[in-house]
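J.: I am sharing data.pdb, which consists of PDB, C-alpha atoms:
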```
ATOM      1  CA  MET P 444    -162.615 -41.580 -22.655
ATOM      2  CA  SER P 445    -160.604 -38.402 -22.427
ATOM      3  CA  VAL P 446    -160.161 -36.197 -25.482
ATOM      4  CA  ALA P 447    -156.463 -37.097 -25.418
ATOM      5  CA  ALA P 448    -157.223 -40.585 -26.731
ATOM      6  CA  THR P 449    -158.812 -39.146 -29.882
ATOM      7  CA  LEU P 450    -155.922 -36.899 -30.928
ATOM      8  CA  SER P 451    -153.967 -37.475 -34.129
ATOM      9  CA  ASP P 452    -150.179 -37.868 -34.145
ATOM     10  CA  LEU P 453    -149.885 -34.404 -35.644
ATOM     11  CA  GLU P 454    -152.038 -32.898 -32.891
ATOM     12  CA  LYS P 455    -149.948 -34.659 -30.238
ATOM     13  CA  GLY P 456    -146.774 -33.508 -31.974
ATOM     14  CA  LEU P 457    -147.923 -29.899 -31.829
ATOM     15  CA  ILE P 458    -148.619 -30.231 -28.081
ATOM     16  CA  ASP P 459    -145.272 -31.928 -27.469
ATOM     17  CA  GLN P 460    -143.150 -29.500 -29.455
ATOM     18  CA  TYR P 461    -144.860 -26.145 -29.674
ATOM     19  CA  GLN P 462    -146.004 -25.091 -26.218
ATOM     20  CA  ARG P 463    -143.027 -22.769 -26.590
ATOM     21  CA  GLY P 464    -140.803 -21.560 -29.375
ATOM     22  CA  LEU P 465    -143.460 -20.749 -31.937
ATOM     23  CA  PRO P 466    -141.436 -19.890 -35.074
ATOM     24  CA  LEU P 467    -141.075 -16.141 -35.569
ATOM     25  CA  VAL P 468    -141.125 -16.217 -39.362
ATOM     26  CA  SER P 469    -143.683 -15.116 -41.956
ATOM     27  CA  ARG P 470    -145.138 -18.602 -42.406
ATOM     28  CA  PRO P 471    -144.855 -20.216 -38.938
ATOM     29  CA  TYR P 472    -147.280 -23.040 -39.728
ATOM     30  CA  ALA P 473    -145.239 -24.008 -42.776
ATOM     31  CA  ALA P 474    -142.098 -24.085 -40.608
ATOM     32  CA  MET P 475    -143.864 -26.229 -37.990
ATOM     33  CA  ALA P 476    -145.169 -28.495 -40.749
ATOM     34  CA  GLU P 477    -141.663 -29.073 -42.007
ATOM     35  CA  THR P 478    -140.445 -30.082 -38.542
ATOM     36  CA  LEU P 479    -143.402 -32.386 -37.988
ATOM     37  CA  GLY P 480    -143.471 -33.894 -41.468
ATOM     38  CA  ALA P 481    -146.862 -32.483 -42.426
ATOM     39  CA  THR P 482    -148.277 -29.776 -44.663
ATOM     40  CA  GLU P 483    -149.042 -26.193 -43.677
ATOM     41  CA  ASP P 484    -152.746 -26.844 -44.247
ATOM     42  CA  ALA P 485    -152.679 -29.926 -42.024
ATOM     43  CA  VAL P 486    -151.027 -27.981 -39.182
ATOM     44  CA  ILE P 487    -153.624 -25.220 -39.412
ATOM     45  CA  GLN P 488    -156.428 -27.779 -39.464
ATOM     46  CA  ALA P 489    -154.927 -29.602 -36.456
ATOM     47  CA  LEU P 490    -154.826 -26.350 -34.466
ATOM     48  CA  VAL P 491    -158.440 -25.604 -35.377
ATOM     49  CA  ASN P 492    -159.426 -29.116 -34.226
ATOM     50  CA  LEU P 493    -157.531 -28.800 -30.950
ATOM     51  CA  GLN P 494    -159.341 -25.568 -30.220
ATOM     52  CA  LYS P 495    -162.703 -27.036 -31.176
ATOM     53  CA  ASN P 496    -162.347 -30.002 -28.823
ATOM     54  CA  GLY P 497    -161.274 -27.763 -25.948
ATOM     55  CA  VAL P 498    -157.669 -28.926 -25.587
ATOM     56  CA  LEU P 499    -156.212 -25.695 -26.924
ATOM     57  CA  SER P 500    -157.067 -22.571 -24.963
ATOM     58  CA  ARG P 501    -155.291 -20.497 -27.591
ATOM     59  CA  LEU P 502    -152.052 -20.134 -29.468
ATOM     60  CA  GLY P 503    -150.399 -17.203 -27.786
ATOM     61  CA  ALA P 504    -148.187 -15.715 -25.122
ATOM     62  CA  VAL P 505    -147.843 -16.526 -21.451
ATOM     63  CA  VAL P 506    -146.523 -13.371 -19.834
ATOM     64  CA  THR P 507    -144.047 -13.464 -16.937
ATOM     65  CA  PRO P 508    -145.624 -12.289 -13.646
ATOM     66  CA  HIS P 509    -144.985  -8.686 -12.654
ATOM     67  CA  ARG P 510    -143.472  -7.771 -16.006
ATOM     68  CA  ALA P 511    -146.607  -6.222 -17.491
ATOM     69  CA  GLY P 512    -148.569  -5.211 -14.398
ATOM     70  CA  TRP P 513    -149.044  -6.689 -10.923
ATOM     71  CA  SER P 514    -150.760  -9.813  -9.688
ATOM     72  CA  THR P 515    -151.149 -11.804  -6.532
ATOM     73  CA  LEU P 516    -152.401 -15.138  -5.272
ATOM     74  CA  ALA P 517    -155.014 -14.576  -2.583
ATOM     75  CA  ALA P 518    -157.078 -16.773  -0.303
ATOM     76  CA  VAL P 519    -159.926 -16.533   2.166
ATOM     77  CA  SER P 520    -161.222 -18.913   4.764
ATOM     78  CA  ALA P 521    -164.981 -19.020   4.231
ATOM     79  CA  PRO P 522    -167.395 -20.836   6.535
ATOM     80  CA  LYS P 523    -168.709 -23.953   4.736
ATOM     81  CA  ASP P 524    -172.204 -22.582   4.312
ATOM     82  CA  ARG P 525    -170.896 -19.365   2.744
ATOM     83  CA  VAL P 526    -168.499 -20.824   0.145
ATOM     84  CA  ALA P 527    -170.823 -20.380  -2.861
ATOM     85  CA  GLU P 528    -171.830 -16.870  -1.853
ATOM     86  CA  VAL P 529    -168.255 -15.726  -1.183
ATOM     87  CA  ALA P 530    -166.980 -17.322  -4.422
ATOM     88  CA  ALA P 531    -169.665 -15.465  -6.358
ATOM     89  CA  VAL P 532    -168.667 -12.147  -4.786
ATOM     90  CA  ILE P 533    -165.024 -12.771  -5.719
ATOM     91  CA  ASN P 534    -165.924 -13.876  -9.287
ATOM     92  CA  ASP P 535    -167.742 -10.594  -9.715
ATOM     93  CA  PHE P 536    -164.489  -8.659  -9.921
ATOM     94  CA  PRO P 537    -163.111  -8.427 -13.481
ATOM     95  CA  THR P 538    -159.598  -8.277 -11.995
ATOM     96  CA  VAL P 539    -160.026 -11.857 -10.687
ATOM     97  CA  ASN P 540    -159.001 -14.387 -13.336
ATOM     98  CA  HIS P 541    -158.627 -17.705 -11.519
ATOM     99  CA  ASN P 542    -160.804 -18.797  -8.629
ATOM    100  CA  TYR P 543    -160.736 -22.295  -7.142
ATOM    101  CA  GLU P 544    -162.155 -24.058  -4.139
ATOM    102  CA  ARG P 545    -159.451 -26.032  -2.353
ATOM    103  CA  ASP P 546    -159.745 -28.572   0.447
ATOM    104  CA  HIS P 547    -158.108 -26.606   3.233
ATOM    105  CA  HIS P 548    -158.958 -24.253   6.091
ATOM    106  CA  TYR P 549    -158.240 -21.548   3.475
ATOM    107  CA  ASN P 550    -160.785 -22.878   1.034
ATOM    108  CA  ILE P 551    -161.111 -20.221  -1.690
ATOM    109  CA  TRP P 552    -158.001 -19.360  -3.711
ATOM    110  CA  PHE P 553    -157.941 -16.753  -6.440
ATOM    111  CA  VAL P 554    -155.580 -14.707  -8.588
ATOM    112  CA  VAL P 555    -156.000 -10.939  -8.873
ATOM    113  CA  ALA P 556    -154.207  -9.095 -11.677
ATOM    114  CA  GLY P 557    -154.168  -5.397 -12.493
ATOM    115  CA  SER P 558    -152.170  -2.672 -14.173
ATOM    116  CA  ASP P 559    -150.337  -1.902 -10.912
ATOM    117  CA  LYS P 560    -150.052  -2.821  -7.215
ATOM    118  CA  ALA P 561    -152.590  -0.207  -6.145
ATOM    119  CA  SER P 562    -155.365  -1.601  -8.334
ATOM    120  CA  VAL P 563    -154.704  -5.122  -7.018
ATOM    121  CA  PHE P 564    -154.797  -3.928  -3.382
ATOM    122  CA  GLU P 565    -158.007  -2.084  -4.111
ATOM    123  CA  THR P 566    -159.657  -5.316  -5.256
ATOM    124  CA  LEU P 567    -158.417  -7.183  -2.162
ATOM    125  CA  ARG P 568    -159.761  -4.473   0.158
ATOM    126  CA  ALA P 569    -163.082  -4.441  -1.695
ATOM    127  CA  ILE P 570    -163.383  -8.228  -1.334
ATOM    128  CA  GLU P 571    -162.684  -7.921   2.401
ATOM    129  CA  GLY P 572    -165.320  -5.214   2.621
ATOM    130  CA  ARG P 573    -167.984  -7.177   0.784
ATOM    131  CA  THR P 574    -167.349 -10.574   2.420
ATOM    132  CA  GLY P 575    -166.225  -9.512   5.919
ATOM    133  CA  LEU P 576    -163.389 -12.054   5.557
ATOM    134  CA  LYS P 577    -159.696 -11.365   5.919
ATOM    135  CA  VAL P 578    -157.818 -11.878   2.651
ATOM    136  CA  LEU P 579    -154.429 -13.586   2.570
ATOM    137  CA  ASP P 580    -152.260 -11.686   0.042
ATOM    138  CA  LEU P 581    -149.409 -13.859  -1.293
ATOM    139  CA  PRO P 582    -147.667 -12.110  -4.203
ATOM    140  CA  MET P 583    -144.921 -13.992  -5.959
ATOM    141  CA  GLU P 584    -141.503 -12.878  -4.690
ATOM    142  CA  GLU P 585    -139.287 -15.130  -6.746
ATOM    143  CA  ALA P 586    -139.925 -17.548  -9.614
ATOM    144  CA  PHE P 587    -137.765 -20.660  -9.647
ATOM    145  CA  HIS P 588    -139.458 -22.360 -12.515
ATOM    146  CA  ILE P 589    -139.803 -21.021 -15.982
ATOM    147  CA  ASP P 590    -143.029 -22.398 -17.359
ATOM    148  CA  LEU P 591    -141.884 -24.361 -20.374
ATOM    149  CA  GLY P 592    -145.272 -25.843 -21.043
ATOM    150  CA  PHE P 593    -146.665 -29.113 -19.865
ATOM    151  CA  LYS P 594    -145.168 -32.511 -20.652
ATOM    152  CA  VAL P 595    -148.024 -34.821 -21.564
ATOM    153  CA  THR P 596    -147.578 -38.572 -21.189
ATOM    154  CA  TRP P 597    -149.739 -40.081 -23.929
ATOM    155  CA  SER P 598    -151.277 -43.272 -22.630
TER     156      SER P 598
ATOM    157  CA  MET S 157    -136.805  -4.056 -19.761
ATOM    158  CA  GLU S 158    -139.287  -1.186 -19.976
ATOM    159  CA  LEU S 159    -142.427  -1.804 -21.995
ATOM    160  CA  THR S 160    -143.501   0.755 -24.559
ATOM    161  CA  ASP S 161    -147.057   1.594 -25.561
ATOM    162  CA  ARG S 162    -146.493  -0.325 -28.784
ATOM    163  CA  ASP S 163    -145.397  -3.394 -26.795
ATOM    164  CA  TYR S 164    -148.651  -3.204 -24.826
ATOM    165  CA  LYS S 165    -150.602  -2.822 -28.056
ATOM    166  CA  LEU S 166    -149.120  -6.037 -29.369
ATOM    167  CA  LEU S 167    -149.661  -7.889 -26.056
ATOM    168  CA  GLU S 168    -153.255  -6.713 -26.170
ATOM    169  CA  ALA S 169    -153.673  -7.933 -29.761
ATOM    170  CA  LEU S 170    -152.234 -11.288 -28.614
ATOM    171  CA  GLU S 171    -154.800 -11.794 -25.868
ATOM    172  CA  ASP S 172    -157.255 -13.607 -28.122
ATOM    173  CA  GLY S 173    -154.542 -15.721 -29.644
ATOM    174  CA  ILE S 174    -152.610 -15.916 -32.883
ATOM    175  CA  PRO S 175    -154.958 -16.550 -35.820
ATOM    176  CA  PHE S 176    -154.826 -19.764 -37.821
ATOM    177  CA  THR S 177    -154.060 -18.303 -41.232
ATOM    178  CA  PRO S 178    -150.880 -18.836 -43.290
ATOM    179  CA  GLU S 179    -149.480 -15.393 -42.396
ATOM    180  CA  PRO S 180    -150.789 -14.839 -38.858
ATOM    181  CA  TYR S 181    -148.339 -12.090 -37.901
ATOM    182  CA  VAL S 182    -149.708  -9.880 -40.662
ATOM    183  CA  VAL S 183    -153.192 -10.238 -39.174
ATOM    184  CA  LEU S 184    -151.892  -9.697 -35.645
ATOM    185  CA  GLY S 185    -150.122  -6.559 -36.873
ATOM    186  CA  ARG S 186    -153.330  -5.230 -38.355
ATOM    187  CA  HIS S 187    -154.943  -5.472 -34.895
ATOM    188  CA  ALA S 188    -151.963  -3.803 -33.225
ATOM    189  CA  GLY S 189    -151.488  -1.120 -35.868
ATOM    190  CA  MET S 190    -148.071  -2.271 -37.053
ATOM    191  CA  GLY S 191    -146.524  -4.186 -39.929
ATOM    192  CA  GLU S 192    -145.401  -7.806 -39.923
ATOM    193  CA  ALA S 193    -141.714  -6.901 -39.522
ATOM    194  CA  GLU S 194    -142.417  -4.870 -36.395
ATOM    195  CA  VAL S 195    -144.598  -7.652 -34.972
ATOM    196  CA  LEU S 196    -141.815 -10.189 -35.441
ATOM    197  CA  ALA S 197    -139.118  -7.879 -34.046
ATOM    198  CA  THR S 198    -141.267  -6.940 -31.030
ATOM    199  CA  LEU S 199    -142.136 -10.565 -30.251
ATOM    200  CA  GLU S 200    -138.477 -11.500 -30.517
ATOM    201  CA  ARG S 201    -137.545  -8.714 -28.081
ATOM    202  CA  LEU S 202    -140.344  -9.515 -25.598
ATOM    203  CA  CYS S 203    -139.331 -13.197 -25.621
ATOM    204  CA  THR S 204    -135.607 -12.554 -25.240
ATOM    205  CA  GLY S 205    -136.248  -9.884 -22.605
ATOM    206  CA  GLY S 206    -138.290 -12.356 -20.563
ATOM    207  CA  VAL S 207    -141.576 -10.434 -20.701
ATOM    208  CA  ILE S 208    -143.128 -13.252 -22.695
ATOM    209  CA  ASN S 209    -142.333 -16.417 -20.839
ATOM    210  CA  ARG S 210    -143.369 -18.656 -23.687
ATOM    211  CA  LEU S 211    -145.069 -18.302 -27.037
ATOM    212  CA  GLY S 212    -146.976 -21.302 -28.310
ATOM    213  CA  LEU S 213    -149.894 -23.611 -27.553
ATOM    214  CA  VAL S 214    -151.649 -22.854 -24.260
ATOM    215  CA  VAL S 215    -153.453 -26.086 -23.384
ATOM    216  CA  HIS S 216    -156.098 -27.012 -20.844
ATOM    217  CA  HIS S 217    -154.707 -29.748 -18.578
ATOM    218  CA  ARG S 218    -158.142 -30.961 -17.623
ATOM    219  CA  GLU S 219    -159.187 -31.702 -21.207
ATOM    220  CA  LEU S 220    -156.025 -33.781 -21.653
ATOM    221  CA  GLY S 221    -157.081 -36.009 -18.777
ATOM    222  CA  TYR S 222    -154.980 -34.343 -16.072
ATOM    223  CA  THR S 223    -157.845 -33.568 -13.729
ATOM    224  CA  ALA S 224    -155.985 -33.507 -10.411
ATOM    225  CA  ASN S 225    -154.177 -30.284  -9.651
ATOM    226  CA  GLY S 226    -152.336 -30.134  -6.349
ATOM    227  CA  MET S 227    -150.845 -26.989  -4.899
ATOM    228  CA  VAL S 228    -147.995 -28.098  -2.646
ATOM    229  CA  VAL S 229    -146.892 -25.571  -0.040
ATOM    230  CA  TRP S 230    -143.693 -25.761   2.017
ATOM    231  CA  ASP S 231    -142.232 -23.997   5.032
ATOM    232  CA  ILE S 232    -138.523 -23.830   4.214
ATOM    233  CA  PRO S 233    -135.949 -21.789   6.169
ATOM    234  CA  ASP S 234    -135.181 -18.658   4.126
ATOM    235  CA  ALA S 235    -131.518 -19.564   3.739
ATOM    236  CA  GLU S 236    -132.403 -22.920   2.151
ATOM    237  CA  VAL S 237    -135.337 -21.979  -0.017
ATOM    238  CA  ALA S 238    -133.368 -21.412  -3.242
ATOM    239  CA  ARG S 239    -131.553 -24.731  -2.923
ATOM    240  CA  VAL S 240    -134.754 -26.694  -2.279
ATOM    241  CA  ALA S 241    -136.576 -24.857  -5.074
ATOM    242  CA  GLU S 242    -133.850 -25.746  -7.575
ATOM    243  CA  ARG S 243    -134.292 -29.399  -6.773
ATOM    244  CA  LEU S 244    -138.078 -29.247  -7.018
ATOM    245  CA  THR S 245    -137.943 -27.553 -10.408
ATOM    246  CA  ASP S 246    -135.843 -30.422 -11.747
ATOM    247  CA  GLU S 247    -138.829 -32.699 -11.186
ATOM    248  CA  PRO S 248    -140.856 -33.255 -14.374
ATOM    249  CA  VAL S 249    -144.203 -33.284 -12.525
ATOM    250  CA  VAL S 250    -143.630 -29.814 -11.032
ATOM    251  CA  THR S 251    -145.021 -27.125 -13.339
ATOM    252  CA  LEU S 252    -144.564 -23.938 -11.309
ATOM    253  CA  CYS S 253    -142.420 -23.082  -8.311
ATOM    254  CA  TYR S 254    -142.663 -19.698  -6.602
ATOM    255  CA  ARG S 255    -141.479 -18.145  -3.353
ATOM    256  CA  ARG S 256    -144.215 -16.150  -1.616
ATOM    257  CA  PRO S 257    -144.317 -14.331   1.745
ATOM    258  CA  ARG S 258    -145.339 -16.067   4.965
ATOM    259  CA  ARG S 259    -148.233 -14.384   6.785
ATOM    260  CA  LEU S 260    -147.726 -15.411  10.379
ATOM    261  CA  PRO S 261    -149.559 -16.623  12.331
ATOM    262  CA  ASP S 262    -152.165 -17.319   9.621
ATOM    263  CA  TRP S 263    -149.942 -18.788   6.937
ATOM    264  CA  PRO S 264    -146.521 -20.376   7.580
ATOM    265  CA  TYR S 265    -145.633 -21.550   4.048
ATOM    266  CA  ASN S 266    -143.163 -19.687   1.801
ATOM    267  CA  LEU S 267    -142.656 -21.991  -1.199
ATOM    268  CA  PHE S 268    -145.383 -23.073  -3.608
ATOM    269  CA  CYS S 269    -145.315 -25.547  -6.443
ATOM    270  CA  MET S 270    -147.979 -27.077  -8.653
ATOM    271  CA  VAL S 271    -148.122 -30.790  -9.295
ATOM    272  CA  HIS S 272    -150.502 -32.090 -11.963
ATOM    273  CA  GLY S 273    -151.678 -35.637 -12.387
ATOM    274  CA  ARG S 274    -154.476 -37.726 -13.797
ATOM    275  CA  GLU S 275    -155.792 -38.585 -10.324
ATOM    276  CA  GLU S 276    -155.289 -37.234  -6.802
ATOM    277  CA  ALA S 277    -153.630 -40.512  -5.901
ATOM    278  CA  ASP S 278    -151.020 -39.979  -8.660
ATOM    279  CA  VAL S 279    -150.229 -36.512  -7.374
ATOM    280  CA  ARG S 280    -149.921 -37.770  -3.780
ATOM    281  CA  ALA S 281    -147.644 -40.579  -4.945
ATOM    282  CA  SER S 282    -145.444 -38.155  -6.945
ATOM    283  CA  LEU S 283    -145.174 -35.920  -3.895
ATOM    284  CA  ALA S 284    -144.321 -38.772  -1.544
ATOM    285  CA  ASP S 285    -141.684 -39.961  -3.984
ATOM    286  CA  MET S 286    -140.146 -36.463  -4.259
ATOM    287  CA  VAL S 287    -140.112 -35.953  -0.499
ATOM    288  CA  GLU S 288    -138.339 -39.255  -0.071
ATOM    289  CA  ARG S 289    -135.800 -38.888  -2.864
ATOM    290  CA  LEU S 290    -134.977 -35.242  -2.169
ATOM    291  CA  GLY S 291    -134.891 -35.688   1.610
ATOM    292  CA  LEU S 292    -137.601 -33.096   2.301
ATOM    293  CA  ASN S 293    -139.325 -34.866   5.176
ATOM    294  CA  ALA S 294    -138.066 -32.421   7.782
ATOM    295  CA  TYR S 295    -139.827 -29.485   6.121
ATOM    296  CA  PRO S 296    -143.465 -28.920   7.033
ATOM    297  CA  HIS S 297    -145.624 -29.128   3.907
ATOM    298  CA  ASP S 298    -149.203 -29.573   2.833
ATOM    299  CA  ILE S 299    -151.066 -30.301  -0.382
ATOM    300  CA  LEU S 300    -154.219 -28.493  -1.447
ATOM    301  CA  PHE S 301    -156.348 -30.018  -4.185
ATOM    302  CA  SER S 302    -158.874 -27.979  -6.094
ATOM    303  CA  SER S 303    -162.332 -29.393  -5.687
ATOM    304  CA  ARG S 304    -164.193 -26.839  -7.814
ATOM    305  CA  ARG S 305    -163.217 -24.310 -10.448
ATOM    306  CA  PHE S 306    -165.233 -21.104 -10.045
ATOM    307  CA  LYS S 307    -163.443 -19.094 -12.716
ATOM    308  CA  GLN S 308    -160.547 -19.383 -15.162
ATOM    309  CA  CYS S 309    -159.796 -16.841 -17.862
ATOM    310  CA  GLY S 310    -157.003 -14.609 -19.141
ATOM    311  CA  ALA S 311    -155.828 -11.888 -16.762
ATOM    312  CA  ARG S 312    -156.837  -8.303 -17.405
ATOM    313  CA  TYR S 313    -153.960  -6.076 -16.464
ATOM    314  CA  ALA S 314    -156.001  -3.044 -17.376
ATOM    315  CA  GLN S 315    -159.156  -2.495 -19.338
ATOM    316  CA  ARG S 316    -157.123  -2.462 -22.505
ATOM    317  CA  ARG S 317    -154.368  -4.789 -21.348
ATOM    318  CA  LYS S 318    -155.522  -8.351 -21.064
ATOM    319  CA  VAL S 319    -152.767 -10.937 -21.133
ATOM    320  CA  GLU S 320    -152.534 -14.254 -19.377
ATOM    321  CA  SER S 321    -150.035 -14.485 -16.592
ATOM    322  CA  ILE S 322    -148.988 -17.400 -14.466
ATOM    323  CA  ALA S 323    -149.432 -15.956 -10.983
TER     324      ALA S 323
END
```
As structure tokens, how would this structure be written, given the file I've shared?
T.:
Amino acid sequence: MSVAATLSDLEKGLIDQYQRGLPLVSRPYAAMAETLGATEDAVIQALVNLQKNGVLSRLGAVVTPHRAGWSTLAAVSAPKDRVAEVAAVINDFPTVNHNYERDHHYNIWFVVAGSDKASVFETLRAIEGRTGLKVLDLPMEEAFHIDLGFKVTWS
Amino acid sequence: MELTDRDYKLLEALEDGIPFTPEPYVVLGRHAGMGEAEVLATLERLCTGGVINRLGLVVHHRELGYTANGMVVWDIPDAEVARVAERLTDEPVVTLCYRRPRRLPDWPYNLFCMVHGREEADVRASLADMVERLGLNAYPHDILFSSRRFKQCGARYAQRRKVESIA
């Protein structure tokens, strides 16, 4: 059973309504409570629960790419028997924040973020140097979708 | 908009999340060295100015039962990419849609979107349905599922500037 099945209506309500637009007032949880028909204490407790069961990464900001630094999506094509080794090398860099294996000829995909372009390039070059693999550098050029959060269908 | 050092201070204080206490912006301000009023005004400005894309719950898809995450890549003629992207972003299952450079001959695709679902089969079905309805069959495309997650954490834009981005 997924965690989703164990969530309370209040917890689901928070996920449905507050992935964006957190109230910018002194008592935001009281404001959210009013909208959701709960108490401030209950909202706080629901957030604590959501974090405890791993659903909530955090309550916070998602920053628009390239507005506070530079980042890129990168990929390498690693021979099958080197995937674990190459992934470990890439994970080693603190500037790498996402790293996934994907079922494709380019099988390792990762995101590099830094304070500026130069620091991101430096990481890509260093990864090429340490793995001997050519890195595909695919920085975002245009965003068509504003991330408004994720619409969950409660089953 | 240009970011000031104080903006970065607040973004840095935000990296670990907004605390679960009745007056969280007071606590956040203490970490950023500013008062509640400045925290609220700065957040307002960063949101309106588009630096903060959204402020709220950041959830893990996987823990909510959405374990399949498909990156769909398209090769769309440059002149048509904006039009196709607009249509893709209208689809509720599409969470991100970015234009990226082609790297010929290694990589022919210039439009990326993410499609989440409970199972790979759901994601494939959503994609097939979109391709059909939006008439996208003529455009070469591929779908890449993640089979293993090696790392996922907030981005560090500098040693003192760690904020999560959506690259």
J.: Go through the shown structure with the PyMOL selection byres ((chain P and resi 550) around 10) and write out the matching residues as JSON, numbers by chain.
T.: {"P": [518, 519, 520, 521, 522, 523, 526, 530, 543, 544, 545, 546, 547, 548, 549, 551, 552], "S": [300, 301, 302, 303]}
J.: Please identify all polymer residues within 9 Å of Leu453 in chain P, counting all atoms listed in the file, omitting same-chain residues fewer than 4 positions from it, and present them as a compact mmCIF listing (two decimals) with C-alpha atoms, in the frame of the given file.
T.:
```txt
# COMPACT_ATOMS: atom_id res chain seq x y z
CA LEU P 457 -147.92 -29.90 -31.83
CA ILE P 458 -148.62 -30.23 -28.08
CA LEU P 479 -143.40 -32.39 -37.99
CA GLY P 480 -143.47 -33.89 -41.47
CA ALA P 481 -146.86 -32.48 -42.43
CA ALA P 485 -152.68 -29.93 -42.02
CA VAL P 486 -151.03 -27.98 -39.18
CA ALA P 489 -154.93 -29.60 -36.46
```
J.: With all atoms listed in the file as the atoms that count, which of S:Arg239, S:Thr245, S:Arg304, S:Arg274 lies nearest to Gly221 in chain S?
T.: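 Using all atoms listed in the file, Gly221 in chain S sits closest to S:Arg274.
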J.: Name every residue that the PyMOL selection byres ((chain P and resi 484) around 12) selects in this structure, writing the answer as a list in words with chains first and numbers rising.
T.: Leu453, Arg470, Pro471, Tyr472, Ala473, Ala474, Met475, Ala476, Glu477, Gly480, Ala481, Thr482, Glu483, Ala485, Val486, Ile487, Gln488, Ala489, Leu490 and Val491 of chain P; Phe176, Thr177 and Pro178 of chain S
J.: Could you dump the residues just selected with C-alpha atoms as a JSON list (two decimals), in the coordinates of the input?
T.:
```
[["chain", "number", "residue", "atom", "x", "y", "z"],
["P", 453, "LEU", "CA", -149.88, -34.40, -35.64],
["P", 470, "ARG", "CA", -145.14, -18.60, -42.41],
["P", 471, "PRO", "CA", -144.85, -20.22, -38.94],
["P", 472, "TYR", "CA", -147.28, -23.04, -39.73],
["P", 473, "ALA", "CA", -145.24, -24.01, -42.78],
["P", 474, "ALA", "CA", -142.10, -24.08, -40.61],
["P", 475, "MET", "CA", -143.86, -26.23, -37.99],
["P", 476, "ALA", "CA", -145.17, -28.50, -40.75],
["P", 477, "GLU", "CA", -141.66, -29.07, -42.01],
["P", 480, "GLY", "CA", -143.47, -33.89, -41.47],
["P", 481, "ALA", "CA", -146.86, -32.48, -42.43],
["P", 482, "THR", "CA", -148.28, -29.78, -44.66],
["P", 483, "GLU", "CA", -149.04, -26.19, -43.68],
["P", 485, "ALA", "CA", -152.68, -29.93, -42.02],
["P", 486, "VAL", "CA", -151.03, -27.98, -39.18],
["P", 487, "ILE", "CA", -153.62, -25.22, -39.41],
["P", 488, "GLN", "CA", -156.43, -27.78, -39.46],
["P", 489, "ALA", "CA", -154.93, -29.60, -36.46],
["P", 490, "LEU", "CA", -154.83, -26.35, -34.47],
["P", 491, "VAL", "CA", -158.44, -25.60, -35.38],
["S", 176, "PHE", "CA", -154.83, -19.76, -37.82],
["S", 177, "THR", "CA", -154.06, -18.30, -41.23],
["S", 178, "PRO", "CA", -150.88, -18.84, -43.29]]
```
J.: Would you mind reading off the distance between CA of Glu158 in chain S and CA of Arg210 in chain S, one decimal, in Å?
T.: 18.3 Å
J.: What would the selection look like, as a PyMOL selection string, if the PyMOL selection byres ((chain P and resi 463-468) around 8) were run on the coordinates I just shared?
T.: (chain P and resi 460-462+469-471+474-475+591-592) or (chain S and resi 196+199-200+210-213)
J.: So which one's closest to chain P, S:Ala294, S:Ala188, S:Leu167, S:Val229? Using all atoms listed in the file, please.
T.: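 Nearest to chain P: S:Leu167.
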J.: Please compute the CA of Thr515 in chain P-CA of Phe536 in chain P distance, one decimal, in Å.
T.: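 These two atoms are separated by 14.1 Å.
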J.: Record the distance separating CA of Gly185 in chain S and CA of Ala169 in chain S, expressed in Å with one decimal.
T.: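 Rounded to one decimal, the two atoms are 8.1 Å apart.
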J.: Excluding Lys307 in chain S and its own-chain neighbours fewer than 3 positions away, which residues fall within 8 Å of it when counting only C-alpha atoms? Please give them as a count of residues only.
T.: 5
J.: At most 10 Å from (-156.6, -33.9, -24.6), file frame, all atoms listed in the file: which residues, as a list in words?
T.: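 Using all atoms listed in the file, the matching residues come out as Met444, Ser445, Val446, Ala447, Ala448, Thr449, Leu450, Glu454, Lys455, Ile458, Leu493, Asn496, Gly497, Val498, Leu499, Val595 and Trp597 of chain P; Val215, His216, His217, Arg218, Glu219, Leu220, Gly221 and Tyr222 of chain S.
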J.: Using all atoms of range 449-463 of chain P listed in the file and a margin of 6 Å per side, can you give the axis-aligned box centre and edge lengths in Å to one decimal, as lines of an AutoDock Vina configuration file?
T.:
```
center_x = -150.9
center_y = -31.0
center_z = -30.9
size_x = 27.8
size_y = 28.4
size_z = 21.4
```
J.: Identify which of the residues S:Glu275, S:Asp163, S:Glu179, S:Asp231 lies closest to chain P, counting all atoms listed in the file when measuring atom-to-atom distances.
T.: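 Closest candidate: S:Glu179.
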J.: Looking at all atoms listed in the file, which of S:Ile232, S:Val237, S:Val249, S:Ile208 is the one that sits closest to Pro264 in chain S?
T.: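 For Pro264 in chain S, the nearest of the given residues is S:Ile232.
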J.: Go through S:Val183, S:Val195, S:Val214, S:Met157 one by one, measure the shortest atom-to-atom distance of each to chain P using only C-alpha atoms, and give the residue with the smallest value.
T.: S:Val214
J.: Measuring atom to atom with only C-alpha atoms, identify which of S:Gly291, S:Pro296, S:Gly206, S:Gly191 is nearest to chain P.
T.: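 Result for the nearest residue to chain P: S:Gly206.
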J.: Can you tell me, as a VMD selection string, what residues are no more than 12 Å from Leu267 in chain S when counting all atoms listed in the file, ignoring any on the same chain fewer than 4 positions away?
T.: (chain P and resid 581 to 588) or (chain S and resid 227 to 234 236 to 242 244 to 245 252 to 258 263 295 to 299)
